[in-house]
Amino acid sequence: MSTPSVFSGPVVIVGGGVAGMVTAHLLTEAGAKVIVIEQFERVGGLARSYQYDGFTFDCGPHRFHTENPNIKTYLDRVLKANTTAFPRLSEVFFEGSYYRWPLHPKNLVQLPLPLAVKSAIDLAINGSKTYGTSNFEDYVLRQYGPTLYENFFKGYSIKFLGIHPKETHADWAKVGINRAIIDDKLQMQNLAQLAKSTLLQFNKAEINFIYPTGGGLGITWEVIADKVRAGGGRILTSTGARLAGGNGRIEAVYAGSERIEPSLVIWTAPITLACDQLGLEAPDLPYLSTLFYNVMVEESVKKEYQWCYYGADDIVFSRVSTPKYFAHDTVPHMGATGLCVEVTCREGDERWVHAERLTDWVVDDLIKVGMISSRRKVHDVRVERVPNTYPIYHTRYPVELERTRKALAKYENLQLAGRTGMFWYNNMDHSIENAMQLTRKLLRESGRAEIDEKALAAGMAG
Ligand SMILES: Cc1cc2nc3c(=O)[nH]c(=O)nc-3n(C[C@H](O)[C@H](O)[C@H](O)COP(=O)(O)OP(=O)(O)OC[C@H]3O[C@@H](n4cnc5c(N)ncnc54)[C@H](O)[C@@H]3O)c2cc1C
């Protein structure tokens with residue numbers, strides 16, 4: 001089925017997150033009439049920022065890393081020189097101590113002795129064992145052995161995702177763990193590989209991440225929104241989009257009282273919501289949601305990490321990040337610290353509804369893990385409820401997702417995109433790449449001469 005031309009009427013983009021805003025920008029530059037509909041007051045989606053009392057927070061830690069030269073070109077064009085670059089500084093809190101994350105082979109020797117010895121024995125004999133391939137548990141056992149699985153990965157995974165690693169698809173481990181590790185392709189299946197990896201890691205230069213200066217990550221999408229408006233596009237905020245379908249097409253999109261007849265709809269909101277609005281069978285594709293406790297502290301914290309994972313059952317949060325180690329302008333002065341504390345839940349559950357009740361527990365646990373010295377140092381705590389932060393990859397998700405995509409593909413002018421729209425555990429660079437590939441395809445199918453992503457990234461789509 002060929003997609004309708006983007007020049008035959010307005011292109012409606014549902015969702016003003018990374019994928020929606022970059023697609024809107026590139027299509028506007030190519031001369032299409034674009035209307036973005038975003039349910040929240042500000043654009044940015046999961047990559048938006050919050051400001052209060054001189055502190056800036058994102059939705060958890062966000063830093064850019066990409067090896068794709070087109071994405072680098074695009075970000076340079078949008079952010080100009082307003083970025084800062086830094087090496088990774090992540091940690092994991094385990095049995096009362098902090099360790100560097102990802103687990104470097106060289107850090108394994110710093111683990112408590114019995115654990116280090118057991119892990120080494122596992123690795124020595126792991127190559128001779130056979131594991132399945134389908135679920136998270138199998139994947140981690142094969143990669144790291146039973147000791148590290150039991151001590152690091154199992155508890156954290158249950159606490160974070162709310163389902164057992166046996167019920168979790170191996171894709172969750174592949175994208176989650178490998179992405180957190182990013183460039184450190186550690187070979188840990190046996191001792192010989194581990195030794196080799198360790199030697200290679202010692203002399204390796206750290207990769208750099210980038211982060212915008214001047215107002216948190218969210219500024220990136222505000223800059224892009226200004227470019228869309230300047231190019232004649234519209235951005236409707238604080239209004240949820242509603243689809244009306246018929247005859248294999250999306251016939252109208254409603255934004256408040258406005259009815260728009262689109263040539264094409266690019267849908268980056270939850271895939272489940274598209275099914276619901278079009279009266280299709282509800283897919284079993286659940287999303288995780290996150291409560292962000294943005295804690296403003298009047299002191300310099302002892303641990304200078306960008307973020308740290310907390311897997312223990314007796315600590316309420318699963319991760320804490322420190323925006324000032326991304327960019328100094330996220331705090332009113334360097335003696336103050338913002339701590340972004342994440343607690344995962346499901347939208348509408350007990351935690352979601354009564355999130356404020358956990359605030360004292362969050363502060364007490366920050367004291368317990370040594371991040372703040374006393375309650376008196378806490379200037380304020382603001383709670384943000386963010387739905388649909390992660391797709392939950394249960395073991396049946398590939399079949400369910402395929403069935404849902406097929407059902408939605410019957411609408412000739414509906415295109416899914418982005419993390420939430422495609423039920424895709426991705427990063428910002430993937431959503432930008434997705435926007436570039438989609439724009440290229442849409443322009444080609446609209447009769448435009450072939451334009452590659454390099455030219456799109458450089459702003460030569462017009
Ligand atoms: C805690 C956390 C940490 C992360 N850390 C990193 C990191 O360090 N580096 C990195 O590269 N990536 C990171 N990511 C991933 C990154 O945030 C995403 O890849 C990216 O923001 C996805 O953008 P998107 O536009 O594809 O999806 P989304 O941001 O989900 O955009 C969907 C948009 O649709 C809107 N919407 C929903 N329903 C409607 C409706 N009915 N009408 C109108 N609008 C609607 C939503 O409000 C949202 O704006 C992280 C994600 C999370 C949750």
# chains A, B, ... in the order shown; residues from 1 in each chain; ligands from 1
>>> closest_atom_pairs(of="chain A", to="ligand 1", cutoff="8 Å", atoms="only C-alpha atoms and all ligand atoms", output="CSV")
residue,atom,partner,partner_atom_place_in_ligand_line,distance
A:Val14,CA,ligand 1,43 (C),5.0
A:Gly15,CA,ligand 1,34 (O),3.2
A:Gly16,CA,ligand 1,49 (O),4.5
A:Gly17,CA,ligand 1,25 (O),3.4
A:Val18,CA,ligand 1,25 (O),3.7
A:Ala19,CA,ligand 1,25 (O),3.8
A:Gly20,CA,ligand 1,25 (O),5.4
A:Met21,CA,ligand 1,25 (O),7.3
A:Ile37,CA,ligand 1,43 (C),5.0
A:Glu38,CA,ligand 1,44 (N),3.8
A:Gln39,CA,ligand 1,43 (C),4.1
A:Phe40,CA,ligand 1,47 (O),5.6
A:Val43,CA,ligand 1,49 (O),6.1
A:Gly44,CA,ligand 1,49 (O),5.7
A:Gly45,CA,ligand 1,49 (O),3.1
A:Leu46,CA,ligand 1,29 (O),3.8
A:Ala47,CA,ligand 1,21 (O),4.3
A:Arg48,CA,ligand 1,21 (O),7.8
A:Cys59,CA,ligand 1,1 (C),5.5
A:Gly60,CA,ligand 1,1 (C),4.3
A:Pro61,CA,ligand 1,5 (N),5.1
A:His62,CA,ligand 1,8 (O),3.3
A:Arg63,CA,ligand 1,8 (O),4.1
A:Phe64,CA,ligand 1,11 (O),4.9
A:His65,CA,ligand 1,11 (O),6.5
A:Thr237,CA,ligand 1,43 (C),8.0
A:Thr239,CA,ligand 1,43 (C),6.3
A:Gly240,CA,ligand 1,42 (N),3.4
A:Ala241,CA,ligand 1,42 (N),3.9
A:Arg242,CA,ligand 1,41 (N),6.3
A:Trp267,CA,ligand 1,34 (O),8.0
A:Thr268,CA,ligand 1,32 (C),5.0
A:Ala269,CA,ligand 1,37 (C),3.9
A:Pro270,CA,ligand 1,37 (C),6.1
A:Leu273,CA,ligand 1,41 (N),7.2
A:Thr290,CA,ligand 1,1 (C),7.5
A:Glu342,CA,ligand 1,1 (C),7.5
A:Asn388,CA,ligand 1,30 (O),6.9
A:Thr389,CA,ligand 1,53 (C),4.3
A:Tyr390,CA,ligand 1,53 (C),6.0
A:Ala417,CA,ligand 1,26 (O),6.8
A:Gly418,CA,ligand 1,26 (O),3.2
A:Arg419,CA,ligand 1,26 (O),3.8
A:Thr420,CA,ligand 1,30 (O),4.6
A:Gly421,CA,ligand 1,32 (C),7.0
A:Tyr425,CA,ligand 1,19 (O),7.3
A:Asn426,CA,ligand 1,19 (O),4.8
A:Asn427,CA,ligand 1,19 (O),3.4
A:Met428,CA,ligand 1,11 (O),3.7
A:Asp429,CA,ligand 1,11 (O),5.5
A:His430,CA,ligand 1,19 (O),6.6
A:Ser431,CA,ligand 1,26 (O),4.9
A:Ile432,CA,ligand 1,26 (O),8.0
>>> residues_around(residues="Val381 in chain A", least_positions_apart="4", cutoff="9 Å", atoms="only C-alpha atoms", output="ChimeraX atom specification")
/A:293-297,359,363
>>> atom_distance(atom1="CA of Gly256 in chain A", atom2="CA of Ile271 in chain A")
20.6 Å
>>> residues_around(residues="Val12 in chain A", least_positions_apart="2", cutoff="10 Å", atoms="only C-alpha atoms", output="PDB file with N, CA and C atoms, in the first residue's frame")
ATOM      1  N   VAL A   6       2.544  13.768   1.322  1.00  0.00           N
ATOM      2  CA  VAL A   6       2.547  14.701   2.464  1.00  0.00           C
ATOM      3  C   VAL A   6       2.223  16.121   2.003  1.00  0.00           C
ATOM      4  N   GLY A   9      -2.310  17.703   1.799  1.00  0.00           N
ATOM      5  CA  GLY A   9      -3.142  18.198   2.899  1.00  0.00           C
ATOM      6  C   GLY A   9      -2.290  18.238   4.145  1.00  0.00           C
ATOM      7  N   PRO A  10      -2.855  18.671   5.287  1.00  0.00           N
ATOM      8  CA  PRO A  10      -2.019  18.768   6.491  1.00  0.00           C
ATOM      9  C   PRO A  10      -1.531  17.403   6.981  1.00  0.00           C
ATOM     10  N   VAL A  14       0.869  13.283  15.946  1.00  0.00           N
ATOM     11  CA  VAL A  14       0.336  13.153  17.306  1.00  0.00           C
ATOM     12  C   VAL A  14       1.496  12.852  18.251  1.00  0.00           C
ATOM     13  N   GLY A  15       1.760  13.799  19.144  1.00  0.00           N
ATOM     14  CA  GLY A  15       2.851  13.655  20.107  1.00  0.00           C
ATOM     15  C   GLY A  15       4.016  14.566  19.753  1.00  0.00           C
ATOM     16  N   GLY A  20       8.289  13.050  17.190  1.00  0.00           N
ATOM     17  CA  GLY A  20       7.302  13.961  16.611  1.00  0.00           C
ATOM     18  C   GLY A  20       7.913  15.293  16.222  1.00  0.00           C
ATOM     19  N   ALA A  24       8.444  16.720  12.470  1.00  0.00           N
ATOM     20  CA  ALA A  24       7.755  17.981  12.136  1.00  0.00           C
ATOM     21  C   ALA A  24       8.743  18.979  11.530  1.00  0.00           C
ATOM     22  N   LYS A  33       2.815  21.023   5.170  1.00  0.00           N
ATOM     23  CA  LYS A  33       2.058  21.747   6.208  1.00  0.00           C
ATOM     24  C   LYS A  33       1.853  20.783   7.375  1.00  0.00           C
ATOM     25  N   VAL A  34       2.444  21.126   8.493  1.00  0.00           N
ATOM     26  CA  VAL A  34       2.479  20.190   9.613  1.00  0.00           C
ATOM     27  C   VAL A  34       1.697  20.747  10.806  1.00  0.00           C
ATOM     28  N   ILE A  35       0.937  19.871  11.468  1.00  0.00           N
ATOM     29  CA  ILE A  35       0.275  20.256  12.730  1.00  0.00           C
ATOM     30  C   ILE A  35       0.671  19.221  13.786  1.00  0.00           C
ATOM     31  N   VAL A  36       1.340  19.685  14.840  1.00  0.00           N
ATOM     32  CA  VAL A  36       1.714  18.782  15.939  1.00  0.00           C
ATOM     33  C   VAL A  36       0.667  18.936  17.036  1.00  0.00           C
ATOM     34  N   ILE A  37       0.185  17.803  17.550  1.00  0.00           N
ATOM     35  CA  ILE A  37      -0.749  17.858  18.692  1.00  0.00           C
ATOM     36  C   ILE A  37      -0.076  17.174  19.885  1.00  0.00           C
ATOM     37  N   ARG A 234       2.103  24.360  12.801  1.00  0.00           N
ATOM     38  CA  ARG A 234       1.354  24.688  14.022  1.00  0.00           C
ATOM     39  C   ARG A 234       1.676  23.654  15.094  1.00  0.00           C
ATOM     40  N   ILE A 235       1.728  24.125  16.326  1.00  0.00           N
ATOM     41  CA  ILE A 235       1.926  23.187  17.440  1.00  0.00           C
ATOM     42  C   ILE A 235       0.822  23.450  18.453  1.00  0.00           C
ATOM     43  N   ALA A 241      -5.008  14.317  21.209  1.00  0.00           N
ATOM     44  CA  ALA A 241      -5.582  14.068  19.885  1.00  0.00           C
ATOM     45  C   ALA A 241      -6.520  12.860  19.938  1.00  0.00           C
ATOM     46  N   ALA A 252     -10.437  11.886  10.175  1.00  0.00           N
ATOM     47  CA  ALA A 252     -10.303  13.159  10.910  1.00  0.00           C
ATOM     48  C   ALA A 252      -9.491  12.948  12.175  1.00  0.00           C
ATOM     49  N   VAL A 253      -8.840  14.024  12.587  1.00  0.00           N
ATOM     50  CA  VAL A 253      -8.194  14.039  13.908  1.00  0.00           C
ATOM     51  C   VAL A 253      -8.793  15.224  14.655  1.00  0.00           C
ATOM     52  N   ILE A 260      -9.594  18.202  12.081  1.00  0.00           N
ATOM     53  CA  ILE A 260      -8.609  18.341  11.009  1.00  0.00           C
ATOM     54  C   ILE A 260      -8.732  17.122  10.090  1.00  0.00           C
ATOM     55  N   GLU A 261      -8.784  17.364   8.785  1.00  0.00           N
ATOM     56  CA  GLU A 261      -8.796  16.243   7.838  1.00  0.00           C
ATOM     57  C   GLU A 261      -7.372  16.088   7.308  1.00  0.00           C
ATOM     58  N   PRO A 262      -6.681  15.044   7.757  1.00  0.00           N
ATOM     59  CA  PRO A 262      -5.251  14.950   7.455  1.00  0.00           C
ATOM     60  C   PRO A 262      -4.967  14.208   6.150  1.00  0.00           C
ATOM     61  N   SER A 263      -3.861  14.582   5.493  1.00  0.00           N
ATOM     62  CA  SER A 263      -3.388  13.733   4.391  1.00  0.00           C
ATOM     63  C   SER A 263      -2.745  12.493   5.023  1.00  0.00           C
ATOM     64  N   LEU A 264      -2.074  12.723   6.127  1.00  0.00           N
ATOM     65  CA  LEU A 264      -1.330  11.650   6.791  1.00  0.00           C
ATOM     66  C   LEU A 264      -1.307  11.917   8.293  1.00  0.00           C
ATOM     67  N   VAL A 265      -1.344  10.836   9.091  1.00  0.00           N
ATOM     68  CA  VAL A 265      -1.183  10.982  10.545  1.00  0.00           C
ATOM     69  C   VAL A 265       0.070  10.217  10.966  1.00  0.00           C
ATOM     70  N   ILE A 266       0.957  10.918  11.634  1.00  0.00           N
ATOM     71  CA  ILE A 266       2.140  10.246  12.204  1.00  0.00           C
ATOM     72  C   ILE A 266       1.873  10.122  13.700  1.00  0.00           C
ATOM     73  N   TRP A 267       1.753   8.892  14.152  1.00  0.00           N
ATOM     74  CA  TRP A 267       1.286   8.615  15.515  1.00  0.00           C
ATOM     75  C   TRP A 267       2.471   8.201  16.387  1.00  0.00           C
ATOM     76  N   LEU A 414      -2.028   6.157   8.073  1.00  0.00           N
ATOM     77  CA  LEU A 414      -1.550   6.148   9.467  1.00  0.00           C
ATOM     78  C   LEU A 414      -0.153   5.548   9.525  1.00  0.00           C
TER      79      LEU A 414
END
>>> closest_residue(among="A:Arg77, A:Arg88, A:Lys166, A:Arg142", to="Thr395 in chain A", atoms="only C-alpha atoms")
A:Lys166
>>> select_by_dssp(residues="range 138-176 of chain A", states="helix (DSSP H, G or I)", output="PDB file with N, CA and C atoms, in the first residue's frame")
ATOM      1  N   ASP A 138      17.518 -16.362  31.177  1.00  0.00           N
ATOM      2  CA  ASP A 138      18.462 -17.167  30.385  1.00  0.00           C
ATOM      3  C   ASP A 138      19.587 -16.305  29.816  1.00  0.00           C
ATOM      4  N   TYR A 139      19.187 -15.146  29.303  1.00  0.00           N
ATOM      5  CA  TYR A 139      20.163 -14.268  28.646  1.00  0.00           C
ATOM      6  C   TYR A 139      21.256 -13.844  29.635  1.00  0.00           C
ATOM      7  N   VAL A 140      20.810 -13.427  30.845  1.00  0.00           N
ATOM      8  CA  VAL A 140      21.792 -12.918  31.818  1.00  0.00           C
ATOM      9  C   VAL A 140      22.632 -14.059  32.379  1.00  0.00           C
ATOM     10  N   LEU A 141      22.001 -15.230  32.596  1.00  0.00           N
ATOM     11  CA  LEU A 141      22.773 -16.374  33.094  1.00  0.00           C
ATOM     12  C   LEU A 141      23.885 -16.726  32.105  1.00  0.00           C
ATOM     13  N   ARG A 142      23.539 -16.719  30.834  1.00  0.00           N
ATOM     14  CA  ARG A 142      24.536 -17.083  29.818  1.00  0.00           C
ATOM     15  C   ARG A 142      25.655 -16.037  29.764  1.00  0.00           C
ATOM     16  N   GLN A 143      25.269 -14.784  29.910  1.00  0.00           N
ATOM     17  CA  GLN A 143      26.231 -13.691  29.750  1.00  0.00           C
ATOM     18  C   GLN A 143      27.108 -13.504  30.996  1.00  0.00           C
ATOM     19  N   TYR A 144      26.501 -13.602  32.179  1.00  0.00           N
ATOM     20  CA  TYR A 144      27.225 -13.222  33.400  1.00  0.00           C
ATOM     21  C   TYR A 144      27.358 -14.335  34.443  1.00  0.00           C
ATOM     22  N   PRO A 146      25.406 -17.391  37.231  1.00  0.00           N
ATOM     23  CA  PRO A 146      24.368 -17.328  38.262  1.00  0.00           C
ATOM     24  C   PRO A 146      24.643 -16.350  39.405  1.00  0.00           C
ATOM     25  N   THR A 147      25.894 -16.159  39.791  1.00  0.00           N
ATOM     26  CA  THR A 147      26.153 -15.308  40.967  1.00  0.00           C
ATOM     27  C   THR A 147      25.800 -13.854  40.672  1.00  0.00           C
ATOM     28  N   LEU A 148      26.281 -13.341  39.540  1.00  0.00           N
ATOM     29  CA  LEU A 148      25.962 -11.954  39.201  1.00  0.00           C
ATOM     30  C   LEU A 148      24.480 -11.806  38.889  1.00  0.00           C
ATOM     31  N   TYR A 149      23.881 -12.840  38.270  1.00  0.00           N
ATOM     32  CA  TYR A 149      22.443 -12.784  37.993  1.00  0.00           C
ATOM     33  C   TYR A 149      21.661 -12.637  39.302  1.00  0.00           C
ATOM     34  N   GLU A 150      21.944 -13.538  40.270  1.00  0.00           N
ATOM     35  CA  GLU A 150      21.192 -13.536  41.536  1.00  0.00           C
ATOM     36  C   GLU A 150      21.429 -12.246  42.322  1.00  0.00           C
ATOM     37  N   ASN A 151      22.671 -11.753  42.298  1.00  0.00           N
ATOM     38  CA  ASN A 151      23.004 -10.620  43.158  1.00  0.00           C
ATOM     39  C   ASN A 151      22.728  -9.255  42.558  1.00  0.00           C
ATOM     40  N   PHE A 152      22.891  -9.113  41.248  1.00  0.00           N
ATOM     41  CA  PHE A 152      22.707  -7.792  40.646  1.00  0.00           C
ATOM     42  C   PHE A 152      21.440  -7.681  39.818  1.00  0.00           C
ATOM     43  N   PHE A 153      21.247  -8.633  38.914  1.00  0.00           N
ATOM     44  CA  PHE A 153      20.262  -8.428  37.865  1.00  0.00           C
ATOM     45  C   PHE A 153      18.839  -8.832  38.259  1.00  0.00           C
ATOM     46  N   LYS A 154      18.697  -9.943  38.974  1.00  0.00           N
ATOM     47  CA  LYS A 154      17.351 -10.475  39.242  1.00  0.00           C
ATOM     48  C   LYS A 154      16.512  -9.505  40.082  1.00  0.00           C
ATOM     49  N   GLY A 155      17.042  -9.120  41.244  1.00  0.00           N
ATOM     50  CA  GLY A 155      16.283  -8.253  42.157  1.00  0.00           C
ATOM     51  C   GLY A 155      15.973  -6.912  41.514  1.00  0.00           C
ATOM     52  N   TYR A 156      16.977  -6.336  40.849  1.00  0.00           N
ATOM     53  CA  TYR A 156      16.771  -5.024  40.239  1.00  0.00           C
ATOM     54  C   TYR A 156      15.669  -5.096  39.194  1.00  0.00           C
ATOM     55  N   SER A 157      15.725  -6.166  38.401  1.00  0.00           N
ATOM     56  CA  SER A 157      14.771  -6.312  37.313  1.00  0.00           C
ATOM     57  C   SER A 157      13.340  -6.449  37.838  1.00  0.00           C
ATOM     58  N   ILE A 158      13.166  -7.259  38.894  1.00  0.00           N
ATOM     59  CA  ILE A 158      11.814  -7.433  39.471  1.00  0.00           C
ATOM     60  C   ILE A 158      11.334  -6.110  40.074  1.00  0.00           C
ATOM     61  N   LYS A 159      12.229  -5.454  40.785  1.00  0.00           N
ATOM     62  CA  LYS A 159      11.856  -4.184  41.431  1.00  0.00           C
ATOM     63  C   LYS A 159      11.482  -3.138  40.379  1.00  0.00           C
ATOM     64  N   PHE A 160      12.260  -3.063  39.316  1.00  0.00           N
ATOM     65  CA  PHE A 160      12.067  -2.022  38.315  1.00  0.00           C
ATOM     66  C   PHE A 160      10.844  -2.296  37.440  1.00  0.00           C
ATOM     67  N   LEU A 161      10.789  -3.528  36.906  1.00  0.00           N
ATOM     68  CA  LEU A 161       9.792  -3.843  35.876  1.00  0.00           C
ATOM     69  C   LEU A 161       8.498  -4.413  36.458  1.00  0.00           C
ATOM     70  N   PRO A 165      12.072 -12.158  35.822  1.00  0.00           N
ATOM     71  CA  PRO A 165      12.937 -12.291  34.633  1.00  0.00           C
ATOM     72  C   PRO A 165      12.561 -13.456  33.718  1.00  0.00           C
ATOM     73  N   LYS A 166      11.906 -14.485  34.293  1.00  0.00           N
ATOM     74  CA  LYS A 166      11.453 -15.617  33.456  1.00  0.00           C
ATOM     75  C   LYS A 166      10.297 -15.197  32.559  1.00  0.00           C
ATOM     76  N   GLU A 167       9.542 -14.192  33.015  1.00  0.00           N
ATOM     77  CA  GLU A 167       8.387 -13.686  32.253  1.00  0.00           C
ATOM     78  C   GLU A 167       8.780 -12.542  31.323  1.00  0.00           C
ATOM     79  N   ALA A 170      13.903 -11.846  26.339  1.00  0.00           N
ATOM     80  CA  ALA A 170      15.358 -11.607  26.286  1.00  0.00           C
ATOM     81  C   ALA A 170      15.685 -10.260  25.640  1.00  0.00           C
ATOM     82  N   ASP A 171      14.808  -9.738  24.790  1.00  0.00           N
ATOM     83  CA  ASP A 171      15.062  -8.431  24.160  1.00  0.00           C
ATOM     84  C   ASP A 171      15.255  -7.339  25.205  1.00  0.00           C
ATOM     85  N   TRP A 172      14.578  -7.483  26.339  1.00  0.00           N
ATOM     86  CA  TRP A 172      14.696  -6.468  27.384  1.00  0.00           C
ATOM     87  C   TRP A 172      16.150  -6.396  27.877  1.00  0.00           C
ATOM     88  N   ALA A 173      16.766  -7.563  28.023  1.00  0.00           N
ATOM     89  CA  ALA A 173      18.168  -7.593  28.456  1.00  0.00           C
ATOM     90  C   ALA A 173      19.075  -7.089  27.345  1.00  0.00           C
ATOM     91  N   LYS A 174      18.789  -7.530  26.119  1.00  0.00           N
ATOM     92  CA  LYS A 174      19.668  -7.151  25.011  1.00  0.00           C
ATOM     93  C   LYS A 174      19.704  -5.628  24.859  1.00  0.00           C
ATOM     94  N   VAL A 175      18.519  -5.007  24.805  1.00  0.00           N
ATOM     95  CA  VAL A 175      18.534  -3.554  24.609  1.00  0.00           C
ATOM     96  C   VAL A 175      18.884  -2.825  25.897  1.00  0.00           C
ATOM     97  N   GLY A 176      18.330  -3.280  27.028  1.00  0.00           N
ATOM     98  CA  GLY A 176      18.551  -2.560  28.283  1.00  0.00           C
ATOM     99  C   GLY A 176      19.991  -2.621  28.749  1.00  0.00           C
TER     100      GLY A 176
END
>>> atom_distance(atom1="CA of Thr23 in chain A", atom2="CA of Asp276 in chain A")
24.2 Å
>>> atom_distance(atom1="CA of Cys340 in chain A", atom2="CA of Glu67 in chain A")
27.5 Å
>>> residues_around(residues="Trp307 in chain A", least_positions_apart="2", cutoff="6 Å", atoms="only C-alpha atoms", output="ChimeraX atom specification")
/A:90,305,320-321
>>> write_last_selection(atoms="C-alpha atoms", output="mmCIF file, in the first residue's frame")
data_model
loop_
_atom_site.group_PDB
_atom_site.id
_atom_site.type_symbol
_atom_site.label_atom_id
_atom_site.label_comp_id
_atom_site.auth_asym_id
_atom_site.auth_seq_id
_atom_site.Cartn_x
_atom_site.Cartn_y
_atom_site.Cartn_z
ATOM 1 C CA SER A 90 27.431 5.860 36.613
ATOM 2 C CA TYR A 305 27.667 10.321 40.110
ATOM 3 C CA VAL A 320 18.830 8.453 41.371
ATOM 4 C CA SER A 321 20.414 10.992 39.032
#
>>> select_by_dssp(residues="range 236-294 of chain A", states="strand (DSSP E)", output="list of chain:residue names")
A:Leu236, A:Ala241, A:Arg242, A:Leu243, A:Ala244, A:Gly245, A:Gly246, A:Arg249, A:Ile250, A:Glu251, A:Ala252, A:Val253, A:Tyr254, A:Ala255, A:Glu258, A:Arg259, A:Ile260, A:Leu264, A:Val265, A:Ile266, A:Trp267, A:Tyr287, A:Leu288, A:Ser289, A:Thr290, A:Leu291, A:Phe292, A:Tyr293, A:Asn294
>>> closest_residue(among="A:Tyr254, A:Arg376, A:Pro323, A:Glu356", to="Glu299 in chain A", atoms="only C-alpha atoms")
A:Arg376
>>> closest_residue(among="A:Val362, A:Glu453, A:Met371, A:Lys80", to="Lys441 in chain A", atoms="only C-alpha atoms")
A:Glu453
>>> closest_residue(among="A:Tyr74, A:Tyr310, A:Phe209, A:Tyr287", to="Met422 in chain A", atoms="only C-alpha atoms")
A:Tyr287
>>> residues_around(residues="Ser289 in chain A", least_positions_apart="2", cutoff="6 Å", atoms="only C-alpha atoms", output="VMD selection string")
chain A and resid 344 to 347 386 to 389
>>> closest_residue(among="A:Ile163, A:Ile121, A:Ile367, A:Val92", to="His394 in chain A", atoms="only C-alpha atoms")
A:Ile163
>>> decode(residues="range 291-324 of chain A", atoms="C-alpha atoms", output="mmCIF file, in the first residue's frame")
data_model
loop_
_atom_site.group_PDB
_atom_site.id
_atom_site.type_symbol
_atom_site.label_atom_id
_atom_site.label_comp_id
_atom_site.auth_asym_id
_atom_site.auth_seq_id
_atom_site.Cartn_x
_atom_site.Cartn_y
_atom_site.Cartn_z
ATOM 1 C CA LEU A 291 7.093 8.709 39.518
ATOM 2 C CA PHE A 292 9.884 11.270 39.532
ATOM 3 C CA TYR A 293 10.675 12.800 42.950
ATOM 4 C CA ASN A 294 12.641 15.921 42.124
ATOM 5 C CA VAL A 295 14.459 16.646 45.367
ATOM 6 C CA MET A 296 16.061 20.096 45.814
ATOM 7 C CA VAL A 297 18.855 20.028 48.362
ATOM 8 C CA GLU A 298 20.850 22.904 49.864
ATOM 9 C CA GLU A 299 24.163 21.058 50.059
ATOM 10 C CA SER A 300 26.740 19.355 47.863
ATOM 11 C CA VAL A 301 26.115 15.622 47.919
ATOM 12 C CA LYS A 302 28.906 13.200 48.800
ATOM 13 C CA LYS A 303 28.604 10.931 45.750
ATOM 14 C CA GLU A 304 29.311 12.749 42.513
ATOM 15 C CA TYR A 305 27.667 10.321 40.110
ATOM 16 C CA GLN A 306 25.482 11.196 37.116
ATOM 17 C CA TRP A 307 23.248 8.314 38.036
ATOM 18 C CA CYS A 308 23.164 5.269 40.278
ATOM 19 C CA TYR A 309 21.055 2.086 40.341
ATOM 20 C CA TYR A 310 19.576 0.901 43.636
ATOM 21 C CA GLY A 311 18.396 -2.718 43.458
ATOM 22 C CA ALA A 312 17.839 -3.497 47.173
ATOM 23 C CA ASP A 313 14.292 -4.294 48.295
ATOM 24 C CA ASP A 314 14.467 -2.052 51.337
ATOM 25 C CA ILE A 315 15.165 1.084 49.277
ATOM 26 C CA VAL A 316 12.082 2.567 47.680
ATOM 27 C CA PHE A 317 13.719 3.934 44.523
ATOM 28 C CA SER A 318 15.457 2.146 41.657
ATOM 29 C CA ARG A 319 17.623 4.989 40.379
ATOM 30 C CA VAL A 320 18.830 8.453 41.371
ATOM 31 C CA SER A 321 20.414 10.992 39.032
ATOM 32 C CA THR A 322 22.151 14.297 39.610
ATOM 33 C CA PRO A 323 21.470 16.862 36.841
ATOM 34 C CA LYS A 324 24.326 19.165 37.921
#
